[in-house]
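Pasting my_file.cif here (mmCIF, C-alpha atoms):
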data_target
loop_
_atom_site.label_atom_id
_atom_site.label_comp_id
_atom_site.auth_asym_id
_atom_site.auth_seq_id
_atom_site.Cartn_x
_atom_site.Cartn_y
_atom_site.Cartn_z
CA MET A 9 2.48 -42.91 -5.06
CA LYS A 10 3.04 -43.28 -1.32
CA ASP A 11 1.96 -39.70 -0.63
CA LYS A 12 -1.20 -40.20 -2.71
CA ALA A 13 -2.08 -43.35 -0.74
CA ILE A 14 -1.59 -41.50 2.56
CA ASN A 15 -3.74 -38.58 1.38
CA ASP A 16 -6.47 -40.98 0.20
CA ILE A 17 -6.50 -42.68 3.61
CA LYS A 18 -6.78 -39.30 5.35
CA TYR A 19 -9.54 -38.19 2.99
CA TRP A 20 -11.78 -41.24 3.36
CA GLY A 21 -10.80 -41.71 7.00
CA GLN A 22 -12.73 -38.54 7.79
CA LEU A 23 -15.94 -40.55 7.70
CA PHE A 24 -14.89 -42.34 10.90
CA LEU A 25 -15.04 -38.95 12.64
CA LEU A 26 -18.78 -38.61 12.10
CA PRO A 27 -19.63 -40.00 15.59
CA ILE A 28 -17.36 -37.33 17.09
CA TYR A 29 -19.21 -34.66 15.12
CA TRP A 30 -22.57 -35.93 16.38
CA LEU A 31 -21.30 -36.04 19.97
CA SER A 32 -20.01 -32.46 19.69
CA PHE A 33 -23.65 -31.28 19.62
CA LEU A 34 -23.96 -32.39 23.26
CA PHE A 35 -21.32 -30.00 24.61
CA PRO A 36 -22.55 -26.78 26.26
CA ARG A 37 -21.16 -23.82 24.32
CA SER A 38 -20.32 -20.39 25.68
CA LYS A 39 -21.65 -17.34 23.82
CA ASN A 40 -18.61 -15.45 25.05
CA ILE A 41 -16.09 -17.67 23.24
CA TRP A 42 -15.58 -16.74 19.60
CA LEU A 43 -13.27 -18.94 17.55
CA PHE A 44 -11.43 -17.74 14.43
CA GLY A 45 -9.58 -19.53 11.63
CA SER A 46 -8.51 -18.99 8.03
CA THR A 47 -7.45 -20.79 4.84
CA PHE A 48 -8.05 -24.39 6.01
CA GLY A 49 -6.27 -23.54 9.24
CA ARG A 50 -2.96 -22.76 7.55
CA ARG A 51 -2.74 -18.94 7.61
CA PHE A 52 -3.35 -15.89 9.76
CA ALA A 53 -5.06 -13.89 7.05
CA ASP A 54 -7.97 -12.14 5.42
CA ASN A 55 -11.30 -11.17 6.99
CA PRO A 56 -11.02 -13.44 10.06
CA ARG A 57 -7.57 -12.01 10.82
CA TYR A 58 -8.76 -8.41 11.00
CA PHE A 59 -12.00 -9.18 12.79
CA TYR A 60 -10.06 -11.27 15.33
CA LEU A 61 -7.63 -8.39 15.96
CA TYR A 62 -10.54 -5.97 16.30
CA VAL A 63 -12.48 -8.13 18.78
CA SER A 64 -9.32 -8.96 20.75
CA GLN A 65 -8.30 -5.30 20.99
CA LEU A 66 -11.76 -4.17 22.07
CA GLY A 67 -11.15 -5.88 25.39
CA ARG A 68 -8.05 -3.80 26.03
CA ASP A 69 -8.61 -0.46 27.71
CA ASP A 70 -5.64 1.25 26.04
CA THR A 71 -6.48 0.60 22.38
CA ASP A 72 -7.59 3.22 19.87
CA ALA A 73 -9.88 0.54 18.45
CA LYS A 74 -11.95 0.53 21.61
CA LYS A 75 -12.07 4.31 21.76
CA ALA A 76 -13.25 4.45 18.15
CA SER A 77 -15.91 1.80 18.62
CA GLY A 78 -19.54 2.45 19.41
CA LEU A 79 -20.00 -0.98 20.99
CA GLN A 80 -20.85 -1.20 24.64
CA ALA A 81 -17.80 -1.84 26.80
CA SER A 82 -19.72 -4.37 28.87
CA LYS A 83 -20.20 -6.51 25.76
CA ASN A 84 -16.59 -6.14 24.64
CA LYS A 85 -15.05 -7.35 27.88
CA LYS A 86 -17.10 -10.51 27.87
CA ILE A 87 -15.87 -11.76 24.50
CA ARG A 88 -12.92 -14.12 24.41
CA ALA A 89 -11.44 -14.18 20.90
CA ILE A 90 -9.40 -17.33 20.22
CA TRP A 91 -7.51 -18.16 17.03
CA ILE A 92 -7.41 -21.87 16.17
CA SER A 93 -4.74 -22.97 13.70
CA HIS A 94 -3.52 -26.17 12.04
CA ASP A 95 -0.05 -24.58 11.86
CA LYS A 96 1.93 -24.38 15.10
CA SER A 97 4.02 -21.47 13.79
CA VAL A 98 0.84 -19.35 13.51
CA VAL A 99 0.00 -20.18 17.13
CA GLU A 100 3.51 -19.26 18.27
CA PHE A 101 3.36 -15.98 16.38
CA LEU A 102 0.05 -14.95 17.97
CA THR A 103 0.78 -16.08 21.52
CA GLY A 104 4.21 -14.46 21.29
CA ASN A 105 2.46 -11.16 20.62
CA GLY A 106 0.02 -11.46 23.50
CA TYR A 107 -2.99 -12.95 21.70
CA GLU A 108 -4.84 -16.14 22.55
CA ALA A 109 -4.39 -18.99 20.06
CA TYR A 110 -4.21 -22.79 20.14
CA TYR A 111 -3.17 -25.62 17.87
CA TYR A 112 -6.33 -27.47 16.79
CA HIS A 113 -5.10 -30.89 17.96
CA SER A 114 -3.83 -29.67 21.34
CA LEU A 115 -5.91 -30.38 24.45
CA LYS A 116 -6.83 -26.71 24.81
CA GLY A 117 -7.52 -26.42 21.11
CA ILE A 118 -9.93 -29.37 21.26
CA TRP A 119 -11.54 -28.04 24.42
CA TYR A 120 -12.26 -24.59 23.04
CA CYS A 121 -13.46 -26.01 19.71
CA LEU A 122 -16.08 -27.85 21.76
CA ARG A 123 -16.88 -24.84 23.95
CA GLY A 124 -16.94 -21.95 21.47
CA LYS A 125 -20.42 -20.85 20.40
CA VAL A 126 -19.23 -18.79 17.42
CA TYR A 127 -17.08 -20.12 14.56
CA ILE A 128 -15.72 -17.38 12.28
CA PHE A 129 -13.82 -18.43 9.14
CA ASP A 130 -13.21 -17.53 5.48
CA ASN A 131 -13.55 -20.85 3.64
CA TYR A 132 -15.34 -23.53 5.67
CA SER A 133 -15.69 -24.44 9.34
CA LYS A 134 -12.79 -26.87 8.79
CA ASP A 135 -10.63 -23.71 8.92
CA ILE A 136 -11.14 -24.25 12.65
CA SER A 137 -12.46 -27.80 13.20
CA PHE A 138 -15.58 -29.09 11.46
CA TRP A 139 -15.67 -32.35 13.43
CA LEU A 140 -15.93 -30.51 16.77
CA SER A 141 -18.32 -27.79 15.57
CA GLY A 142 -21.74 -29.31 16.26
CA GLY A 143 -24.11 -26.72 17.72
CA ALA A 144 -21.91 -23.69 17.02
CA LYS A 145 -23.09 -20.65 15.08
CA LYS A 146 -20.99 -20.57 11.93
CA ILE A 147 -20.22 -17.32 10.16
CA ASN A 148 -18.41 -17.46 6.84
CA LEU A 149 -16.63 -14.17 6.13
CA TRP A 150 -15.38 -15.53 2.78
CA HIS A 151 -12.21 -14.29 1.09
CA GLY A 152 -13.25 -11.98 -1.68
CA VAL A 153 -16.12 -10.21 -3.37
CA GLY A 154 -15.64 -9.96 -7.11
CA ASN A 155 -16.86 -10.93 -10.53
CA LYS A 156 -16.01 -14.61 -10.85
CA CYS A 157 -18.76 -17.14 -10.14
CA ILE A 158 -18.19 -19.05 -6.92
CA ASN A 159 -19.42 -22.22 -5.23
CA TYR A 160 -22.78 -23.40 -6.62
CA ASP A 161 -22.72 -20.65 -9.25
CA ASN A 162 -19.47 -22.06 -10.66
CA LYS A 163 -20.50 -24.65 -13.25
CA HIS A 164 -16.88 -25.88 -13.46
CA ASP A 165 -16.91 -26.89 -9.77
CA ARG A 166 -17.13 -30.70 -9.75
CA VAL A 167 -17.56 -30.86 -5.96
CA ARG A 168 -20.86 -28.99 -6.11
CA HIS A 169 -21.80 -30.06 -9.63
CA PRO A 170 -20.74 -33.72 -9.95
CA LYS A 171 -21.18 -35.07 -13.47
CA ASN A 172 -21.97 -38.67 -12.57
CA ILE A 173 -22.57 -41.13 -9.71
CA TRP A 174 -18.85 -41.73 -9.24
CA GLU A 175 -18.18 -38.02 -8.74
CA LYS A 176 -21.08 -37.76 -6.29
CA PHE A 177 -19.51 -40.58 -4.28
CA LYS A 178 -15.95 -39.28 -4.67
CA TYR A 179 -16.72 -35.78 -3.37
CA PHE A 180 -19.15 -36.77 -0.63
CA PRO A 181 -16.64 -36.39 2.26
CA ARG A 182 -15.65 -32.99 0.91
CA ARG A 183 -19.26 -31.76 0.65
CA LEU A 184 -19.97 -33.10 4.12
CA SER A 185 -17.57 -30.67 5.77
CA ASP A 186 -18.10 -27.72 3.43
CA GLU A 187 -20.58 -24.85 3.78
CA LYS A 188 -24.16 -25.54 4.84
CA PRO A 189 -27.44 -23.61 4.31
CA SER A 190 -27.54 -22.95 8.06
CA HIS A 191 -24.29 -20.98 7.98
CA TYR A 192 -24.27 -17.20 7.93
CA ILE A 193 -22.43 -15.48 5.07
CA LEU A 194 -20.86 -12.03 5.06
CA THR A 195 -21.73 -9.76 2.12
CA THR A 196 -20.98 -6.20 1.03
CA SER A 197 -24.04 -4.85 -0.84
CA PRO A 198 -27.63 -5.76 -1.81
CA ILE A 199 -26.46 -7.09 -5.19
CA MET A 200 -23.76 -9.24 -3.60
CA THR A 201 -26.22 -10.45 -0.96
CA GLU A 202 -28.48 -11.81 -3.69
CA ILE A 203 -25.50 -13.47 -5.39
CA PHE A 204 -24.01 -14.98 -2.22
CA GLU A 205 -27.34 -16.33 -0.98
CA ARG A 206 -27.61 -18.28 -4.22
CA ALA A 207 -23.93 -19.26 -4.49
CA PHE A 208 -23.82 -20.60 -0.92
CA GLN A 209 -27.44 -21.80 -0.91
CA CYS A 210 -27.92 -20.14 2.45
CA LYS A 211 -31.26 -19.40 4.00
CA LYS A 212 -32.95 -16.04 3.55
CA GLY A 213 -31.89 -13.76 6.34
CA HIS A 214 -28.56 -15.53 6.79
CA ALA A 215 -26.60 -12.93 4.83
CA ILE A 216 -24.84 -10.31 6.97
CA GLU A 217 -24.55 -7.23 4.77
CA VAL A 218 -22.05 -5.07 6.64
CA GLY A 219 -18.82 -5.02 4.57
CA TYR A 220 -15.41 -6.66 4.89
CA PRO A 221 -13.18 -6.36 7.99
CA ARG A 222 -10.10 -6.53 5.77
CA ASN A 223 -11.14 -3.22 4.19
CA ASP A 224 -11.11 -1.50 7.58
CA VAL A 225 -7.34 -1.73 7.85
CA VAL A 226 -6.97 -0.30 4.33
CA LEU A 227 -9.42 2.60 4.82
CA GLN A 228 -8.73 3.51 8.45
CA GLU A 229 -7.17 6.88 9.26
CA ASP A 230 -3.63 6.80 10.61
CA ASP A 231 -4.51 8.99 13.58
CA LYS A 232 -7.70 7.01 14.37
CA PRO A 233 -6.90 3.33 13.72
CA VAL A 234 -9.82 0.94 14.02
CA ILE A 235 -7.37 -1.99 14.09
CA ASP A 236 -3.80 -1.98 15.37
CA ASN A 237 -2.51 -4.37 12.74
CA LEU A 238 -0.27 -7.23 13.83
CA LEU A 239 2.32 -7.74 11.10
CA THR A 240 4.36 -10.85 10.39
CA ASP A 241 8.12 -10.53 9.83
CA LYS A 242 7.67 -10.83 6.04
CA GLU A 243 5.02 -8.11 6.06
CA ARG A 244 7.23 -5.78 8.11
CA VAL A 245 10.13 -6.33 5.71
CA LEU A 246 7.89 -5.49 2.74
CA LEU A 247 6.50 -2.32 4.32
CA ASP A 248 10.00 -1.17 5.24
CA LYS A 249 11.06 -1.68 1.61
CA ILE A 250 8.03 0.25 0.34
CA GLU A 251 8.83 3.13 2.67
CA ALA A 252 12.43 3.19 1.44
CA TRP A 253 11.36 2.99 -2.21
CA LYS A 254 8.87 5.81 -1.87
CA SER A 255 11.28 8.04 0.03
CA GLY A 256 13.96 7.49 -2.59
CA ASP A 257 16.29 6.15 0.11
CA THR A 258 17.52 3.37 -2.19
CA THR A 259 19.45 3.01 -5.43
CA VAL A 260 16.09 2.39 -7.14
CA GLY A 261 14.75 5.86 -6.34
CA CYS A 262 11.12 4.86 -6.83
CA LYS A 263 8.18 7.25 -6.76
CA LYS A 264 5.20 4.91 -7.28
CA ILE A 265 4.31 1.32 -6.40
CA ILE A 266 2.53 -1.04 -8.80
CA ALA A 267 0.97 -4.28 -7.54
CA TYR A 268 0.26 -7.40 -9.58
CA LEU A 269 -1.99 -9.71 -7.53
CA PRO A 270 -3.26 -12.43 -9.90
CA THR A 271 -5.73 -15.16 -9.05
CA PHE A 272 -4.91 -18.79 -9.90
CA ARG A 273 -5.98 -20.60 -13.06
CA ALA A 274 -4.41 -23.07 -15.50
CA SER A 275 -4.02 -20.46 -18.25
CA GLU A 276 -1.82 -18.32 -15.99
CA THR A 277 1.18 -20.09 -17.58
CA LYS A 278 0.54 -17.95 -20.66
CA PHE A 279 2.10 -15.07 -18.69
CA SER A 280 5.57 -16.43 -19.54
CA GLU A 281 4.78 -16.45 -23.25
CA ILE A 282 3.80 -12.80 -23.50
CA MET A 283 6.11 -11.16 -20.94
CA ASP A 284 9.79 -10.36 -21.39
CA LEU A 285 10.57 -9.46 -17.79
CA GLU A 286 14.03 -8.11 -18.56
CA ARG A 287 12.57 -5.63 -21.03
CA PHE A 288 9.61 -4.88 -18.77
CA ASN A 289 12.02 -4.17 -15.91
CA LYS A 290 13.80 -1.57 -18.07
CA PHE A 291 10.41 0.07 -18.68
CA LEU A 292 9.83 0.22 -14.92
CA GLU A 293 13.27 1.75 -14.40
CA GLU A 294 12.56 4.45 -16.98
CA LYS A 295 9.19 5.26 -15.37
CA ASN A 296 10.62 5.16 -11.84
CA LEU A 297 8.26 2.38 -10.77
CA ILE A 298 8.47 -0.74 -8.61
CA MET A 299 6.14 -3.67 -9.31
CA ILE A 300 5.27 -5.89 -6.34
CA CYS A 301 4.07 -9.35 -7.39
CA LYS A 302 2.10 -11.49 -4.97
CA LEU A 303 0.78 -14.70 -6.42
CA HIS A 304 -2.04 -16.91 -5.22
CA PRO A 305 -0.80 -19.87 -3.10
CA LYS A 306 -2.05 -22.21 -5.87
CA SER A 307 -0.44 -20.23 -8.70
CA ALA A 308 0.71 -22.18 -11.76
CA VAL A 309 3.77 -19.91 -12.15
CA LYS A 310 4.88 -19.88 -8.53
CA LYS A 311 8.31 -21.44 -9.15
CA GLU A 312 9.05 -19.08 -12.02
CA PHE A 313 8.32 -16.02 -9.89
CA GLU A 314 10.41 -17.31 -7.00
CA ASN A 315 13.44 -17.03 -9.29
CA ILE A 316 12.80 -13.41 -10.28
CA ASN A 317 15.86 -11.22 -9.78
CA PHE A 318 15.26 -7.77 -11.26
CA SER A 319 15.90 -4.34 -9.79
CA ASN A 320 12.31 -3.07 -10.09
CA ILE A 321 10.27 -6.29 -9.82
CA TYR A 322 9.82 -7.65 -6.31
CA ASN A 323 8.19 -11.00 -5.62
CA VAL A 324 6.33 -11.35 -2.31
CA SER A 325 5.62 -14.60 -0.48
CA SER A 326 2.08 -15.93 -0.95
CA GLN A 327 1.87 -16.00 2.87
CA VAL A 328 1.88 -12.20 3.00
CA ASP A 329 -1.62 -10.81 3.45
CA VAL A 330 -2.52 -8.40 0.63
CA ASN A 331 -4.32 -6.05 2.98
CA SER A 332 -1.16 -5.45 4.98
CA PHE A 333 0.26 -3.35 2.11
CA LEU A 334 -2.63 -2.58 -0.28
CA ARG A 335 -3.04 1.02 0.92
CA GLU A 336 0.58 1.69 -0.11
CA VAL A 337 -0.11 0.69 -3.74
CA ASP A 338 -0.45 3.51 -6.28
CA ILE A 339 -1.47 1.49 -9.37
CA LEU A 340 -2.98 -1.98 -9.64
CA VAL A 341 -2.36 -4.36 -12.53
CA ALA A 342 -5.56 -6.39 -12.24
CA ASP A 343 -6.61 -9.73 -13.70
CA TYR A 344 -9.72 -11.48 -12.34
CA SER A 345 -8.86 -11.40 -8.64
CA SER A 346 -11.22 -9.87 -6.09
CA ALA A 347 -8.26 -7.68 -5.07
CA TYR A 348 -9.58 -5.31 -7.73
CA SER A 349 -12.81 -4.85 -5.77
CA ASP A 350 -10.89 -3.93 -2.63
CA PHE A 351 -8.63 -1.58 -4.57
CA MET A 352 -11.66 0.25 -6.00
CA LEU A 353 -12.32 1.59 -2.51
CA LEU A 354 -9.03 3.51 -2.73
CA ASP A 355 -10.05 5.04 -6.09
CA ARG A 356 -6.60 4.77 -7.69
CA PRO A 357 -5.54 3.93 -11.27
CA VAL A 358 -5.83 0.39 -12.63
CA VAL A 359 -4.76 -1.42 -15.78
CA ALA A 360 -6.86 -4.52 -16.56
CA PHE A 361 -4.37 -7.17 -17.74
CA HIS A 362 -6.50 -9.88 -19.38
CA TYR A 363 -4.00 -11.73 -21.56
CA ASP A 364 -5.83 -15.06 -21.17
CA TYR A 365 -9.47 -13.97 -21.00
CA GLU A 366 -10.80 -16.48 -23.55
CA GLU A 367 -9.14 -19.43 -21.81
CA TYR A 368 -10.16 -18.21 -18.36
CA ALA A 369 -13.80 -17.61 -19.32
CA GLY A 370 -14.01 -20.87 -21.24
CA ASP A 371 -12.71 -23.43 -18.78
CA THR A 372 -12.20 -21.76 -15.40
CA ARG A 373 -14.90 -19.34 -14.25
CA ASP A 374 -17.98 -17.59 -15.57
CA ALA A 375 -18.60 -13.98 -14.52
CA TYR A 376 -21.49 -12.30 -12.70
CA PHE A 377 -21.19 -9.07 -14.68
CA ASP A 378 -19.80 -8.10 -18.03
CA PHE A 379 -16.11 -7.50 -17.35
CA SER A 380 -16.14 -4.11 -19.07
CA GLU A 381 -18.90 -3.04 -16.69
CA TYR A 382 -17.31 -4.53 -13.57
CA MET A 383 -13.77 -3.42 -14.44
CA PRO A 384 -14.06 -0.21 -16.50
CA GLU A 385 -10.32 0.32 -16.73
CA VAL A 386 -7.61 0.71 -19.36
CA LYS A 387 -7.28 -2.72 -21.01
CA ALA A 388 -4.13 -4.68 -21.90
CA THR A 389 -3.78 -8.13 -23.47
CA ASN A 390 0.00 -8.22 -24.00
CA MET A 391 3.16 -6.60 -22.68
CA GLU A 392 3.15 -3.73 -25.19
CA GLU A 393 -0.41 -2.80 -24.21
CA LEU A 394 0.45 -3.17 -20.53
CA MET A 395 3.33 -0.70 -20.81
CA GLN A 396 1.15 1.67 -22.83
CA GLY A 397 -1.67 1.38 -20.28
CA LEU A 398 0.65 2.10 -17.36
CA SER A 399 2.02 5.15 -19.20
CA GLU A 400 -1.53 6.40 -19.76
CA VAL A 401 -2.74 6.05 -16.17
CA LEU A 402 0.45 7.69 -14.89
CA GLU A 403 -0.55 10.76 -16.87
CA GLU A 404 -4.27 10.74 -16.03
CA ASP A 405 -6.80 8.45 -14.39
CA ARG A 406 -9.73 8.72 -16.81
CA CYS A 407 -11.82 5.89 -15.34
CA ARG A 408 -12.79 7.33 -11.98
CA GLU A 409 -16.47 7.97 -12.72
CA ALA A 410 -17.13 4.52 -14.22
CA ARG A 411 -15.10 2.90 -11.43
CA ALA A 412 -17.20 4.67 -8.81
CA ASP A 413 -20.38 3.26 -10.39
CA SER A 414 -18.95 -0.28 -10.27
CA CYS A 415 -17.73 0.19 -6.72
CA SER A 416 -21.20 1.27 -5.59
CA LYS A 417 -22.63 -2.03 -6.84
CA ILE A 418 -20.06 -4.09 -4.97
CA PHE A 419 -19.90 -2.07 -1.74
CA LYS A 420 -22.76 -0.53 0.20
CA TYR A 421 -20.32 0.95 2.73
CA LYS A 422 -17.05 2.69 1.88
CA ASP A 423 -15.72 3.30 5.36
CA ALA A 424 -13.61 1.66 8.06
CA SER A 425 -16.53 0.48 10.22
CA ALA A 426 -17.18 -3.04 8.92
CA CYS A 427 -15.75 -4.69 12.06
CA GLU A 428 -18.02 -2.67 14.32
CA ARG A 429 -21.10 -3.49 12.24
CA LEU A 430 -20.14 -7.17 12.09
CA ALA A 431 -19.60 -7.37 15.85
CA ASP A 432 -23.03 -5.85 16.43
CA SER A 433 -24.54 -8.36 14.01
CA VAL A 434 -22.93 -11.31 15.79
CA PHE A 435 -24.18 -10.05 19.16
CA ARG A 436 -27.69 -9.88 17.75
CA LEU A 437 -27.43 -13.44 16.43
CA LEU A 438 -26.55 -14.61 19.91
#
Turn the structure described in the file into structure tokens.
Amino acid sequence: MKDKAINDIKYWGQLFLLPIYWLSFLFPRSKNIWLFGSTFGRRFADNPRYFYLYVSQLGRDDTDAKKASGLQASKNKKIRAIWISHDKSVVEFLTGNGYEAYYYHSLKGIWYCLRGKVYIFDNYSKDISFWLSGGAKKINLWHGVGNKCINYDNKHDRVRHPKNIWEKFKYFPRRLSDEKPSHYILTTSPIMTEIFERAFQCKKGHAIEVGYPRNDVVLQEDDKPVIDNLLTDKERVLLDKIEAWKSGDTTVGCKKIIAYLPTFRASETKFSEIMDLERFNKFLEEKNLIMICKLHPKSAVKKEFENINFSNIYNVSSQVDVNSFLREVDILVADYSSAYSDFMLLDRPVVAFHYDYEEYAGDTRDAYFDFSEYMPEVKATNMEELMQGLSEVLEEDRCREARADSCSKIFKYKDASACERLADSVFRLL
């Protein structure tokens, strides 16, 4: 009860910050200061992470990223990329590795939030600091391009579709600091541009159709890296384990890696009803497979997965960025997450695991496309079908042609040059 009262005070207390927001329009902003943030300021992740690393590294003469880029060096050296975080551990991690970052309530954090002309984020400008953002150009890179309806297209979203006067009043502070029509939105293809312009109610011409920075790190060539990825300790540990599993330098002796990367929804709890993990683990042992599970931070089965202790099932912290290890995955067990879209770019086998489709479609999210069209993969609705599907795709990937058609609708570009195109686009906006 006490925590709820404190959260309510914080929520409604935001309205007292409106004068600060109005005053922030008066501050002169530098076109050379680009601010980055992610996941309500809590993580170093997703599209902003990789674009931040790219822009930061372009200013360093010794990076392969700069050599690979077609951008003018004179432009690159002018840009000052600064990560703003609401988590001090993220700031310590970045500064400890030679990058510029500040805590959002520190004096320098406040100063640069008032001085930066460009705000780059993946949810809302509050990923950095909405109340200090007046007059900045705001570019929403978002955190996934997939099939589930988002924002104003999501009829189940009470924030954007309040059912009555009370809900309009209740969610007013939230809508105040969320996305605005004046923001720019990153998209990946003409079809997704049309969808995102409607879902975010952004102005015509405010969609930047250049692809996702997070895909660059997955598609880049090892000998010509576009981004020198900066890994957290947990990500390094995972990649070391994957290397050991694939080399057979462990008692597991694994040959292939499966990833299960589910999105969050209430019906996710049904997973426990249909899966016998002890039996499924024996199947993985027989097939010489490891399954890496990385849940959404809001997952309904988070506690259950934290207690997993099986030889061939490995649970990864929700703080680990999927793109840090996605290129190492051989087979994806997909639900409704946009991770499937990213994985399509690798053109590797997939099993569509839709054990709760009716519940998900009925009370969680509608879809933009028919799921069979968007995800033309081997289907499974229970554990028996999942094991059968995995056995099938291990023998032969029969869905490549249909997958390529779906991928072409979602992605205009299938290369590792999204960061370069996005940087050029931002320069033009300025």
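Every residue that the PyMOL selection byres ((chain A and resi 383) around 8) selects in this file is listed here: A:Ala360, A:Phe379, A:Ser380, A:Glu381, A:Tyr382, A:Pro384, A:Glu385, A:Arg411, A:Ser414.
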Checklist entry - Which residues, written as a list of chain:residue names, have at least one atom at most 8 Å from range 193-208 of chain A, with all atoms listed in the file counted and residues fewer than 6 positions away on the same chain left out? => result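 Listing them by chain and then by number gives A:Ile147, A:Asn148, A:Leu149, A:Trp150, A:Val153, A:Cys157, A:Ile158, A:Asn159, A:Tyr160, A:Asp161, A:Glu187, A:His214, A:Ala215, A:Ile216, A:Glu217, A:Val218, A:Gly219, A:Tyr220, A:Lys417, A:Ile418, A:Phe419, A:Lys420, A:Tyr421.
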Next on the checklist: Nearest residue to Leu140 in chain A out of A:Arg168, A:Arg57, A:Arg37, A:Arg406, using all atoms listed in the file?
Outcome noted: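 Answer, going by the shortest atom-to-atom distance: A:Arg37.
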Next on the checklist: When you look at Ser97 in chain A with a cut-off of 12 Å (counting only C-alpha atoms), what residues show up, excluding the ones that are within fewer than 2 positions of it in the same chain? I need them as a list in words.
Outcome noted: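 My reading of the contact set: Gly49, Arg50, Arg51, Phe52, Ile92, Ser93, His94, Asp95, Val99, Glu100, Phe101, Leu102, Thr103, Gly104, Ala109, Tyr110, Tyr111 and Thr240 of chain A.
Atom pair CA of Tyr58 in chain A / CA of Ala144 in chain A has a distance of 21.0 Å (rounded to one decimal).
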Item to check | Nearest-residue call for Lys145 in chain A, choices A:Ser190, A:Asn172, A:Asn237, A:Thr389, using only C-alpha atoms | outcome: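 Checking each of A:Ser190, A:Asn172, A:Asn237, A:Thr389 against Lys145 in chain A, counting only C-alpha atoms, the winner is A:Ser190.
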